[in-house]
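Below is the file work-v9.cif, which contains mmCIF, C-alpha atoms and all ligand atoms.
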data_protein
#
loop_
_atom_site.label_atom_id
_atom_site.label_comp_id
_atom_site.auth_asym_id
_atom_site.auth_seq_id
_atom_site.Cartn_x
_atom_site.Cartn_y
_atom_site.Cartn_z
CA MET A 1 20.38 6.04 -6.72
CA SER A 2 20.20 4.56 -3.22
CA THR A 3 20.74 0.81 -3.03
CA PHE A 4 19.52 -1.52 -0.30
CA THR A 5 20.81 -4.83 1.01
CA PRO A 6 18.23 -7.56 0.27
CA ARG A 7 16.36 -8.47 3.44
CA VAL A 8 13.13 -10.44 3.91
CA PHE A 9 10.48 -9.56 6.49
CA SER A 10 7.08 -11.13 7.06
CA GLY A 11 4.69 -12.03 9.85
CA VAL A 12 1.65 -13.97 10.98
CA GLN A 13 -0.95 -12.83 13.51
CA PRO A 14 -1.40 -14.89 16.67
CA THR A 15 -5.17 -15.02 16.33
CA GLY A 16 -5.64 -18.80 16.68
CA ASN A 17 -6.60 -21.50 14.16
CA LEU A 18 -3.39 -21.30 12.12
CA HIS A 19 -4.38 -22.98 8.86
CA LEU A 20 -3.20 -24.46 5.58
CA GLY A 21 -3.60 -21.07 3.85
CA ASN A 22 -1.23 -19.45 6.35
CA TYR A 23 1.18 -22.34 5.76
CA LEU A 24 1.12 -22.47 1.95
CA GLY A 25 0.67 -18.74 1.38
CA ALA A 26 3.20 -17.62 3.96
CA ILE A 27 5.12 -19.95 6.31
CA LYS A 28 6.22 -22.46 3.66
CA ARG A 29 7.42 -19.54 1.55
CA PHE A 30 9.32 -18.14 4.55
CA VAL A 31 11.21 -21.42 4.80
CA GLU A 32 12.07 -21.34 1.10
CA MET A 33 13.58 -17.84 1.36
CA GLN A 34 16.06 -18.83 4.06
CA ASP A 35 18.82 -20.19 1.86
CA SER A 36 19.05 -17.12 -0.33
CA HIS A 37 18.20 -14.23 2.01
CA GLU A 38 18.65 -12.75 5.44
CA CYS A 39 15.17 -13.24 6.96
CA ILE A 40 13.21 -11.69 9.81
CA TYR A 41 9.99 -13.48 10.75
CA CYS A 42 7.66 -11.89 13.23
CA VAL A 43 4.66 -12.99 15.27
CA VAL A 44 2.62 -9.83 14.92
CA ASP A 45 0.90 -9.63 18.30
CA LEU A 46 0.33 -5.85 18.06
CA HIS A 47 -1.74 -6.54 14.94
CA ALA A 48 -3.72 -9.26 16.71
CA ILE A 49 -5.18 -6.83 19.26
CA THR A 50 -6.57 -4.52 16.56
CA GLN A 51 -9.59 -6.81 16.41
CA ASP A 52 -12.22 -7.47 19.00
CA ARG A 53 -11.01 -9.37 22.05
CA SER A 54 -13.34 -12.21 21.08
CA VAL A 55 -11.17 -12.73 17.95
CA TRP A 56 -7.80 -13.00 19.70
CA GLY A 57 -9.19 -14.55 22.84
CA GLY A 58 -7.78 -12.42 25.67
CA PRO A 59 -4.36 -12.35 27.38
CA LYS A 60 -3.86 -16.07 28.08
CA GLU A 61 -4.98 -17.08 24.59
CA LEU A 62 -2.82 -14.35 22.99
CA ALA A 63 0.28 -15.70 24.75
CA ARG A 64 -0.66 -19.27 23.78
CA SER A 65 -1.26 -18.31 20.13
CA THR A 66 2.00 -16.34 20.03
CA ARG A 67 3.85 -19.47 21.12
CA GLU A 68 1.84 -21.56 18.66
CA VAL A 69 2.77 -19.39 15.66
CA THR A 70 6.40 -19.50 16.82
CA ALA A 71 6.17 -23.29 17.12
CA ALA A 72 4.72 -23.43 13.58
CA TYR A 73 7.63 -21.36 12.25
CA LEU A 74 10.17 -23.63 13.89
CA ALA A 75 8.35 -26.88 13.07
CA ALA A 76 8.04 -25.86 9.41
CA GLY A 77 11.81 -25.49 9.29
CA ILE A 78 12.68 -21.85 9.97
CA ASP A 79 16.16 -21.67 11.45
CA ALA A 80 15.88 -19.23 14.36
CA GLY A 81 19.63 -19.36 14.95
CA LYS A 82 20.54 -18.23 11.45
CA HIS A 83 17.55 -15.93 10.96
CA ILE A 84 15.38 -13.90 13.33
CA VAL A 85 12.14 -15.12 14.87
CA PHE A 86 10.49 -12.77 17.37
CA ASN A 87 7.24 -11.22 18.52
CA GLN A 88 6.45 -7.68 17.50
CA SER A 89 5.57 -6.23 20.92
CA GLN A 90 9.12 -6.85 22.21
CA VAL A 91 10.54 -4.33 19.72
CA ALA A 92 9.36 -0.77 20.40
CA ALA A 93 10.49 0.45 16.96
CA HIS A 94 7.32 -1.01 15.39
CA GLY A 95 5.01 1.20 17.44
CA GLU A 96 7.22 4.27 17.13
CA LEU A 97 7.57 4.05 13.34
CA ALA A 98 3.85 3.26 12.99
CA TRP A 99 3.07 6.59 14.70
CA ILE A 100 5.33 8.41 12.26
CA PHE A 101 3.64 6.62 9.36
CA ASN A 102 0.23 7.62 10.77
CA CYS A 103 1.44 11.12 9.98
CA VAL A 104 2.74 10.19 6.50
CA ALA A 105 -0.16 8.04 5.20
CA ARG A 106 -3.30 9.83 4.06
CA VAL A 107 -6.82 9.12 5.32
CA GLY A 108 -7.91 8.67 1.70
CA TRP A 109 -5.37 5.87 1.26
CA LEU A 110 -6.60 3.98 4.31
CA ASN A 111 -10.23 4.47 3.28
CA ARG A 112 -9.53 2.32 0.23
CA MET A 113 -8.26 -0.70 2.22
CA THR A 114 -10.57 -3.64 1.54
CA GLN A 115 -9.38 -5.66 4.55
CA PHE A 116 -10.58 -2.92 6.91
CA LYS A 117 -13.95 -2.87 5.18
CA GLU A 118 -14.23 -6.67 5.44
CA LYS A 119 -13.06 -6.92 9.05
CA ALA A 120 -14.98 -3.90 10.33
CA GLY A 121 -18.09 -5.06 8.47
CA LYS A 122 -21.29 -3.18 9.17
CA ASN A 123 -20.03 -2.10 12.56
CA ARG A 124 -17.43 0.33 11.20
CA GLU A 125 -18.11 3.11 13.75
CA ASN A 126 -17.25 0.66 16.47
CA ALA A 127 -14.05 -0.75 14.91
CA SER A 128 -10.82 0.11 16.73
CA VAL A 129 -8.63 2.94 15.45
CA GLY A 130 -5.89 0.30 15.44
CA LEU A 131 -7.77 -1.82 12.89
CA TYR A 132 -8.08 1.24 10.66
CA ALA A 133 -4.38 2.11 11.01
CA TYR A 134 -3.30 -1.56 10.70
CA PRO A 135 -1.63 -1.02 7.28
CA ASN A 136 0.55 1.77 8.73
CA LEU A 137 1.79 -0.60 11.43
CA MET A 138 2.45 -3.22 8.75
CA ALA A 139 4.50 -0.67 6.79
CA ALA A 140 6.43 0.07 9.98
CA ASP A 141 7.06 -3.66 10.59
CA ILE A 142 8.72 -3.93 7.20
CA LEU A 143 10.50 -0.60 7.00
CA ALA A 144 11.89 -0.59 10.55
CA TYR A 145 14.33 -3.13 9.09
CA LYS A 146 14.51 -1.60 5.59
CA ALA A 147 13.27 -4.96 4.34
CA THR A 148 13.24 -5.27 0.56
CA HIS A 149 11.18 -8.46 0.04
CA VAL A 150 7.94 -9.53 1.71
CA PRO A 151 6.50 -13.02 1.09
CA VAL A 152 2.73 -12.87 1.71
CA GLY A 153 -0.55 -14.33 0.52
CA GLU A 154 -2.63 -12.60 -2.13
CA ASP A 155 -4.86 -10.93 0.48
CA GLN A 156 -1.95 -8.74 1.62
CA LYS A 157 -1.20 -7.29 -1.83
CA GLN A 158 -3.06 -4.03 -1.21
CA HIS A 159 -1.30 -3.49 2.12
CA LEU A 160 2.08 -4.00 0.44
CA GLU A 161 1.17 -1.41 -2.18
CA LEU A 162 0.33 0.99 0.64
CA THR A 163 3.69 0.22 2.29
CA ARG A 164 5.41 1.24 -0.94
CA ASP A 165 3.33 4.44 -1.09
CA ILE A 166 4.27 5.29 2.50
CA ALA A 167 7.98 4.62 1.87
CA GLN A 168 7.89 6.76 -1.26
CA LYS A 169 6.04 9.63 0.42
CA PHE A 170 8.49 9.61 3.33
CA ASN A 171 11.39 9.67 0.85
CA ILE A 172 9.83 12.63 -0.97
CA ASP A 173 8.58 14.57 2.08
CA PHE A 174 12.01 14.44 3.73
CA ALA A 175 14.13 14.40 0.56
CA ASP A 176 16.21 17.38 1.72
CA SER A 177 17.22 15.95 5.08
CA ILE A 178 17.61 12.43 3.64
CA ALA A 179 20.16 13.79 1.16
CA GLU A 180 21.80 15.92 3.86
CA ALA A 181 22.18 12.87 6.10
CA GLY A 182 24.01 11.12 3.26
CA PHE A 183 21.31 8.64 2.18
CA GLY A 184 21.07 9.82 -1.43
CA ASP A 185 17.60 9.97 -2.96
CA ALA A 186 15.84 7.36 -0.79
CA PHE A 187 15.97 6.44 2.88
CA PHE A 188 13.46 3.61 2.70
CA PRO A 189 13.39 0.89 0.01
CA LEU A 190 10.11 0.24 -1.82
CA PRO A 191 9.61 -3.38 -0.69
CA GLU A 192 8.65 -6.01 -3.25
CA PRO A 193 5.69 -8.24 -2.45
CA LEU A 194 6.50 -11.90 -3.20
CA ILE A 195 3.15 -13.46 -4.06
CA VAL A 196 3.97 -16.51 -6.15
CA GLY A 197 3.13 -20.18 -6.51
CA PRO A 198 -0.09 -22.19 -6.84
CA ALA A 199 -1.46 -21.38 -3.35
CA THR A 200 -1.33 -17.61 -2.84
CA ARG A 201 -5.03 -17.66 -2.01
CA VAL A 202 -6.16 -20.96 -0.50
CA MET A 203 -9.95 -21.09 -0.41
CA SER A 204 -12.34 -22.54 2.15
CA LEU A 205 -12.99 -26.28 1.82
CA ARG A 206 -16.71 -25.53 2.19
CA ASP A 207 -16.91 -22.66 -0.32
CA GLY A 208 -14.45 -22.21 -3.18
CA GLN A 209 -15.34 -18.51 -3.37
CA ALA A 210 -14.32 -17.66 0.23
CA LYS A 211 -10.77 -17.42 1.55
CA MET A 212 -9.67 -20.11 3.99
CA SER A 213 -9.56 -18.10 7.18
CA LYS A 214 -8.86 -18.35 10.90
CA SER A 215 -12.07 -16.60 11.80
CA GLU A 216 -14.54 -18.71 9.74
CA PRO A 217 -16.83 -20.36 12.33
CA SER A 218 -16.92 -23.76 10.55
CA ASP A 219 -13.81 -25.78 11.42
CA LEU A 220 -14.56 -27.94 8.36
CA SER A 221 -13.71 -24.93 6.17
CA ARG A 222 -10.00 -25.15 6.95
CA ILE A 223 -7.20 -27.55 7.73
CA ASN A 224 -5.57 -26.37 10.94
CA LEU A 225 -1.85 -26.90 11.30
CA THR A 226 -2.58 -28.72 14.55
CA ASP A 227 -5.09 -31.16 13.01
CA ASP A 228 -4.26 -34.87 13.33
CA ALA A 229 -4.16 -37.24 10.34
CA ASP A 230 -7.78 -38.45 10.73
CA THR A 231 -9.12 -34.92 10.96
CA ILE A 232 -7.17 -33.81 7.88
CA ALA A 233 -8.48 -36.79 5.87
CA LYS A 234 -12.05 -36.25 7.09
CA LYS A 235 -12.03 -32.53 6.18
CA ILE A 236 -10.72 -33.26 2.68
CA ARG A 237 -13.30 -36.03 2.20
CA LYS A 238 -16.06 -33.59 3.15
CA ALA A 239 -14.71 -30.75 0.97
CA LYS A 240 -17.25 -29.21 -1.40
CA THR A 241 -16.96 -30.30 -5.07
CA ASP A 242 -18.98 -30.05 -8.25
CA PRO A 243 -20.50 -32.97 -10.21
CA ASP A 244 -18.10 -33.01 -13.17
CA ALA A 245 -14.87 -34.94 -13.77
CA LEU A 246 -11.64 -32.99 -13.40
CA PRO A 247 -10.61 -30.94 -16.44
CA ASP A 248 -7.60 -31.52 -18.70
CA SER A 249 -6.53 -27.87 -18.96
CA LYS A 250 -6.29 -24.70 -16.91
CA GLU A 251 -9.05 -23.17 -19.02
CA GLY A 252 -11.30 -26.01 -17.89
CA LEU A 253 -11.04 -24.71 -14.31
CA ALA A 254 -12.94 -21.51 -15.19
CA GLY A 255 -16.09 -21.34 -13.08
CA ARG A 256 -14.99 -24.34 -11.00
CA PRO A 257 -13.53 -22.75 -7.83
CA GLU A 258 -13.56 -25.93 -5.73
CA ALA A 259 -11.66 -27.93 -8.37
CA ALA A 260 -9.17 -25.07 -8.78
CA ASN A 261 -8.69 -24.88 -5.02
CA LEU A 262 -8.10 -28.61 -4.40
CA LEU A 263 -5.76 -28.92 -7.39
CA GLY A 264 -3.88 -25.78 -6.27
CA ILE A 265 -3.46 -27.16 -2.75
CA TYR A 266 -2.23 -30.45 -4.19
CA ALA A 267 0.29 -28.64 -6.43
CA ALA A 268 1.60 -26.50 -3.55
CA LEU A 269 2.00 -29.49 -1.20
CA ALA A 270 3.60 -31.63 -3.95
CA GLU A 271 5.80 -28.68 -5.00
CA ALA A 272 4.62 -29.28 -8.56
CA GLY A 273 3.35 -26.92 -11.23
CA ILE A 274 -0.42 -26.59 -11.44
CA GLU A 275 -0.32 -27.60 -15.12
CA ASP A 276 1.36 -30.91 -14.23
CA VAL A 277 -1.19 -31.61 -11.52
CA ILE A 278 -4.06 -30.87 -13.92
CA VAL A 279 -2.59 -33.44 -16.35
CA GLN A 280 -2.14 -35.95 -13.50
CA PHE A 281 -5.85 -35.82 -12.56
CA ALA A 282 -7.38 -35.06 -15.98
CA GLY A 283 -10.68 -36.88 -16.47
CA GLN A 284 -10.63 -38.36 -12.93
CA GLN A 285 -13.41 -38.05 -10.38
CA PHE A 286 -13.03 -35.82 -7.30
CA SER A 287 -12.92 -38.94 -5.13
CA LYS A 288 -9.51 -39.88 -6.58
CA LEU A 289 -8.14 -36.34 -6.10
CA LYS A 290 -9.48 -36.23 -2.54
CA GLN A 291 -7.90 -39.56 -1.65
CA ASP A 292 -4.50 -38.58 -3.06
CA LEU A 293 -4.72 -35.09 -1.57
CA ALA A 294 -5.58 -36.48 1.87
CA ASP A 295 -2.56 -38.83 1.72
CA LEU A 296 -0.26 -36.02 0.59
CA ALA A 297 -1.58 -33.52 3.15
CA VAL A 298 -1.14 -36.04 5.98
CA GLU A 299 2.38 -36.88 4.77
CA LYS A 300 3.41 -33.19 4.63
CA LEU A 301 1.47 -31.72 7.56
CA SER A 302 1.52 -34.45 10.22
CA PRO A 303 5.26 -34.07 10.96
CA ILE A 304 4.71 -30.32 11.40
CA ALA A 305 1.78 -30.88 13.76
CA GLY A 306 3.84 -33.42 15.74
CA GLU A 307 6.79 -31.07 16.04
CA MET A 308 4.52 -28.17 17.02
CA GLN A 309 3.08 -30.30 19.79
CA ARG A 310 6.56 -31.18 21.02
CA LEU A 311 7.64 -27.53 20.99
CA MET A 312 4.47 -26.32 22.70
CA ALA A 313 5.22 -28.65 25.59
CA ASP A 314 8.26 -26.48 26.36
CA PRO A 315 7.04 -22.86 26.45
CA GLY A 316 10.27 -21.79 28.16
CA HIS A 317 12.24 -22.74 25.05
CA ILE A 318 9.83 -20.86 22.76
CA ASP A 319 9.99 -17.75 24.96
CA ALA A 320 13.81 -17.90 24.88
CA VAL A 321 13.76 -18.06 21.06
CA LEU A 322 11.48 -15.00 20.97
CA LYS A 323 13.62 -13.10 23.48
CA ASP A 324 16.81 -13.78 21.57
CA GLY A 325 15.15 -12.91 18.23
CA SER A 326 13.73 -9.71 19.69
CA SER A 327 17.10 -8.54 20.91
CA ARG A 328 18.65 -9.19 17.48
CA ALA A 329 15.70 -7.43 15.78
CA ARG A 330 16.13 -4.42 18.10
CA ALA A 331 19.80 -4.23 17.16
CA ILE A 332 18.88 -3.89 13.46
CA ALA A 333 16.01 -1.46 13.98
CA ALA A 334 17.76 0.83 16.50
CA PRO A 335 20.20 2.59 14.13
CA ILE A 336 17.49 2.85 11.46
CA MET A 337 15.19 4.56 13.96
CA GLU A 338 17.98 6.89 15.06
CA ASP A 339 18.34 7.97 11.43
CA VAL A 340 14.56 8.37 11.08
CA ARG A 341 14.46 10.66 14.13
CA ARG A 342 17.36 12.74 12.82
CA ILE A 343 15.82 12.98 9.34
CA ILE A 344 12.51 14.23 10.77
CA GLY A 345 14.22 16.70 13.12
CA PHE A 346 13.50 15.11 16.48
CA ILE A 347 16.19 16.06 19.02
CA GLY A 348 17.78 13.34 21.10
N1 LIG A 401 -6.29 -18.40 2.63
C1 LIG A 401 -5.03 -17.99 2.50
N2 LIG A 401 -4.29 -18.39 1.44
C2 LIG A 401 -3.00 -17.99 1.30
N3 LIG A 401 -2.38 -17.18 2.19
C3 LIG A 401 -3.09 -16.77 3.27
N4 LIG A 401 -2.78 -15.99 4.31
C4 LIG A 401 -3.85 -15.89 5.13
N5 LIG A 401 -4.87 -16.59 4.64
C5 LIG A 401 -4.43 -17.15 3.47
C6 LIG A 401 -1.47 -15.40 4.51
O1 LIG A 401 -0.97 -15.80 5.79
C7 LIG A 401 -0.16 -14.75 6.30
C8 LIG A 401 -0.53 -14.44 7.71
O2 LIG A 401 -1.90 -14.05 7.75
P1 LIG A 401 -2.48 -13.27 8.99
O3 LIG A 401 -2.06 -13.92 10.24
O4 LIG A 401 -2.19 -11.84 8.86
O5 LIG A 401 -4.02 -13.54 8.85
P2 LIG A 401 -5.04 -12.91 7.84
O6 LIG A 401 -4.42 -12.45 6.58
O7 LIG A 401 -5.84 -11.90 8.57
O8 LIG A 401 -5.92 -14.10 7.36
P3 LIG A 401 -6.54 -15.26 8.16
O9 LIG A 401 -5.49 -16.16 8.66
O10 LIG A 401 -7.52 -15.90 7.30
O11 LIG A 401 -7.30 -14.57 9.36
P4 LIG A 401 -8.74 -13.87 9.36
O12 LIG A 401 -9.75 -14.92 9.53
O13 LIG A 401 -8.66 -12.96 10.55
O14 LIG A 401 -8.92 -13.12 8.07
C9 LIG A 401 -0.32 -13.55 5.35
O15 LIG A 401 0.80 -13.49 4.49
C10 LIG A 401 -1.55 -13.88 4.58
O16 LIG A 401 -1.54 -13.32 3.28
#
structure tokens encoding of this file:
Amino acid sequence: MSTFTPRVFSGVQPTGNLHLGNYLGAIKRFVEMQDSHECIYCVVDLHAITQDRSVWGGPKELARSTREVTAAYLAAGIDAGKHIVFNQSQVAAHGELAWIFNCVARVGWLNRMTQFKEKAGKNRENASVGLYAYPNLMAADILAYKATHVPVGEDQKQHLELTRDIAQKFNIDFADSIAEAGFGDAFFPLPEPLIVGPATRVMSLRDGQAKMSKSEPSDLSRINLTDDADTIAKKIRKAKTDPDALPDSKEGLAGRPEAANLLGIYAALAEAGIEDVIVQFAGQQFSKLKQDLADLAVEKLSPIAGEMQRLMADPGHIDAVLKDGSSRARAIAAPIMEDVRRIIGFIG
């Protein structure tokens, strides 16, 4: 049996409007992994350009958003000295391994990806080939470092399953040369998705059935990580609710997506269990929950917004962090890619 050193990899796309869902579902979790794991956190700019230019905003906006995601990582508490923070396009291994995985993954697998269907919408014929092959690039991101653990939001579960399928198929397709090269029965690990906690799928503040998302036109639907205290409080005050008092049990949240969402956000920000938060607000009106949630959100998010602003004022520092992280990421990926080339039979 091959064994793998535990290593965490994850990323966020620089597509603007970084929001509370990205924070609670991903970035906050990244911070929590730092004490126990070696971590690699990426700003996935190659993924950003898979969508229409109107989504990522063109070259100047892409650079600005890349720095903004980096600033969010650092402001949230990721230690870029101890761990690796970098942007994907600076490490060529991602693109190279993605091409190899394009030849490992099957068209039928990609056809099942719900994110492609959602993002391509009705205009599928006109979607980029990159958007279709996005999950192969994501598999490459993770496996170029033989990462074993991937903290992500619920929406990435299917892509993680595909990553495991790709790793397994590579291990089987090249089993003979993997064994010959001394790697036992598996060259790539099957990475574990880490989708845990009360906020793995933060929903829109305007519609408890829709995911909080960067691309939703209504700014009132999400709390942006750059929002100031007044804006955060206003958005929570205006959040959609239902007419009933808050329930006293988890079962009472059935069919009440807005109540479930606001209580889940509260629990994640307070670092409390959802059951405890339900007890705390049982029988109360939404107005009480909204007031307390606004106070808590401002307390937790305002320092991050302030620090992001400070960091964004010094783009030279951010670029230096990314350059240093990229060179350390390259140093990990390079020998892995050398092995991959040898295993496949590429000369060089
Ligand atoms: N609403 C969410 N709740 C919890 N986690 C979320 N994530 C995204 N939205 C939520 C997690 O954030 C990480 C980075 O996401 P991404 O940059 O890849 O963006 P995305 O998944 O495409 O979702 P967005 O931010 O909402 O953008 P659009 O509008 O383009 O769909 C991932 O771990 C993701 O799970």
What lies within 9 Å of A:Ala333 using only C-alpha atoms, ignoring chain neighbours under 6 positions off, as a PyMOL selection string?
-> chain A and resi 91+93-94+143-146
Could you pull the residues within 12 Å of A:Ile49, counting all atoms listed in the file, minus those fewer than 5 positions along the same chain, as a PDB file with C-alpha atoms, in the coordinates of the input?
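Saved file out.pdb follows:
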ATOM      1  CA  GLN A  13      -0.950 -12.830  13.510  1.00  0.00           C
ATOM      2  CA  PRO A  14      -1.400 -14.890  16.670  1.00  0.00           C
ATOM      3  CA  THR A  15      -5.170 -15.020  16.330  1.00  0.00           C
ATOM      4  CA  VAL A  44       2.620  -9.830  14.920  1.00  0.00           C
ATOM      5  CA  SER A  54     -13.340 -12.210  21.080  1.00  0.00           C
ATOM      6  CA  VAL A  55     -11.170 -12.730  17.950  1.00  0.00           C
ATOM      7  CA  TRP A  56      -7.800 -13.000  19.700  1.00  0.00           C
ATOM      8  CA  GLY A  57      -9.190 -14.550  22.840  1.00  0.00           C
ATOM      9  CA  GLY A  58      -7.780 -12.420  25.670  1.00  0.00           C
ATOM     10  CA  PRO A  59      -4.360 -12.350  27.380  1.00  0.00           C
ATOM     11  CA  GLU A  61      -4.980 -17.080  24.590  1.00  0.00           C
ATOM     12  CA  LEU A  62      -2.820 -14.350  22.990  1.00  0.00           C
ATOM     13  CA  ALA A  63       0.280 -15.700  24.750  1.00  0.00           C
ATOM     14  CA  THR A  66       2.000 -16.340  20.030  1.00  0.00           C
ATOM     15  CA  GLN A  88       6.450  -7.680  17.500  1.00  0.00           C
ATOM     16  CA  SER A  89       5.570  -6.230  20.920  1.00  0.00           C
ATOM     17  CA  ALA A 127     -14.050  -0.750  14.910  1.00  0.00           C
ATOM     18  CA  SER A 128     -10.820   0.110  16.730  1.00  0.00           C
ATOM     19  CA  VAL A 129      -8.630   2.940  15.450  1.00  0.00           C
ATOM     20  CA  GLY A 130      -5.890   0.300  15.440  1.00  0.00           C
ATOM     21  CA  LEU A 131      -7.770  -1.820  12.890  1.00  0.00           C
ATOM     22  CA  TYR A 134      -3.300  -1.560  10.700  1.00  0.00           C
TER      23      TYR A 134
END
Residues of chain A that approach ligand LIG 401 (chain A) to 7 Å or less, counting all atoms listed in the file: could you list each one with the shortest pair of atoms and its distance in Å to one decimal, rows by chain and increasing residue number, as CSV?
residue,atom,partner,partner_atom,distance
A:Gly11,CA,A:LIG401,C8,6.1
A:Val12,CA,A:LIG401,O3,3.8
A:Gln13,CA,A:LIG401,O3,3.6
A:Pro14,CA,A:LIG401,O3,6.5
A:Thr15,CA,A:LIG401,O3,6.9
A:Leu18,CA,A:LIG401,O9,6.5
A:His19,CA,A:LIG401,O9,6.9
A:Gly21,CA,A:LIG401,C1,3.7
A:Asn22,CA,A:LIG401,O1,3.7
A:Tyr23,CA,A:LIG401,O1,6.9
A:Leu24,CA,A:LIG401,C2,6.1
A:Gly25,CA,A:LIG401,N3,3.5
A:Ala26,CA,A:LIG401,O15,4.8
A:Pro151,CA,A:LIG401,O15,6.7
A:Val152,CA,A:LIG401,O15,3.4
A:Gly153,CA,A:LIG401,O16,3.1
A:Glu154,CA,A:LIG401,O16,5.6
A:Asp155,CA,A:LIG401,O16,5.0
A:Gln156,CA,A:LIG401,O16,4.9
A:Ala199,CA,A:LIG401,C2,6.0
A:Thr200,CA,A:LIG401,C2,4.5
A:Arg201,CA,A:LIG401,N2,3.6
A:Val202,CA,A:LIG401,N2,3.7
A:Met203,CA,A:LIG401,N1,5.5
A:Lys211,CA,A:LIG401,N1,4.7
A:Met212,CA,A:LIG401,N1,4.0
A:Ser213,CA,A:LIG401,O10,3.0
A:Lys214,CA,A:LIG401,O12,3.8
A:Ser215,CA,A:LIG401,O12,3.7
A:Glu216,CA,A:LIG401,O12,6.1
Spatial neighbours of A:Leu190, max dist 9 Å, only C-alpha atoms, sep filter under 4 positions, as an MDAnalysis selection string = chainID A and resid 143 146:149 163:168
Which one of A:Arg106, A:Arg256, A:Lys235, A:Arg328 sits closest to A:Ile84 if you count all atoms listed in the file?
->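 Answer, going by the shortest atom-to-atom distance: A:Arg328.
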Closest to A:Ser218 among A:Thr114, A:Asn17, A:Phe281, A:Cys42, using only C-alpha atoms?
->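 Counting only C-alpha atoms, the residue closest to A:Ser218 is A:Asn17.
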Could you work out how far atom CA of A:Asp227 lies from atom CA of A:Ile304, giving the answer in Å with one decimal?
->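 Straight-line distance from atom CA of A:Ile304 to atom CA of A:Asp227 works out to 10.0 Å.
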Selection as a ChimeraX atom specification: residues within 12 Å of (0.5, -30.0, -8.0), counting all atoms listed in the file | /A:197-199,260-281,289,292-293,296-297
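With atom CA of A:Ile347 on one side and atom CA of A:Gly182 on the other, the separation reads 18.3 Å.
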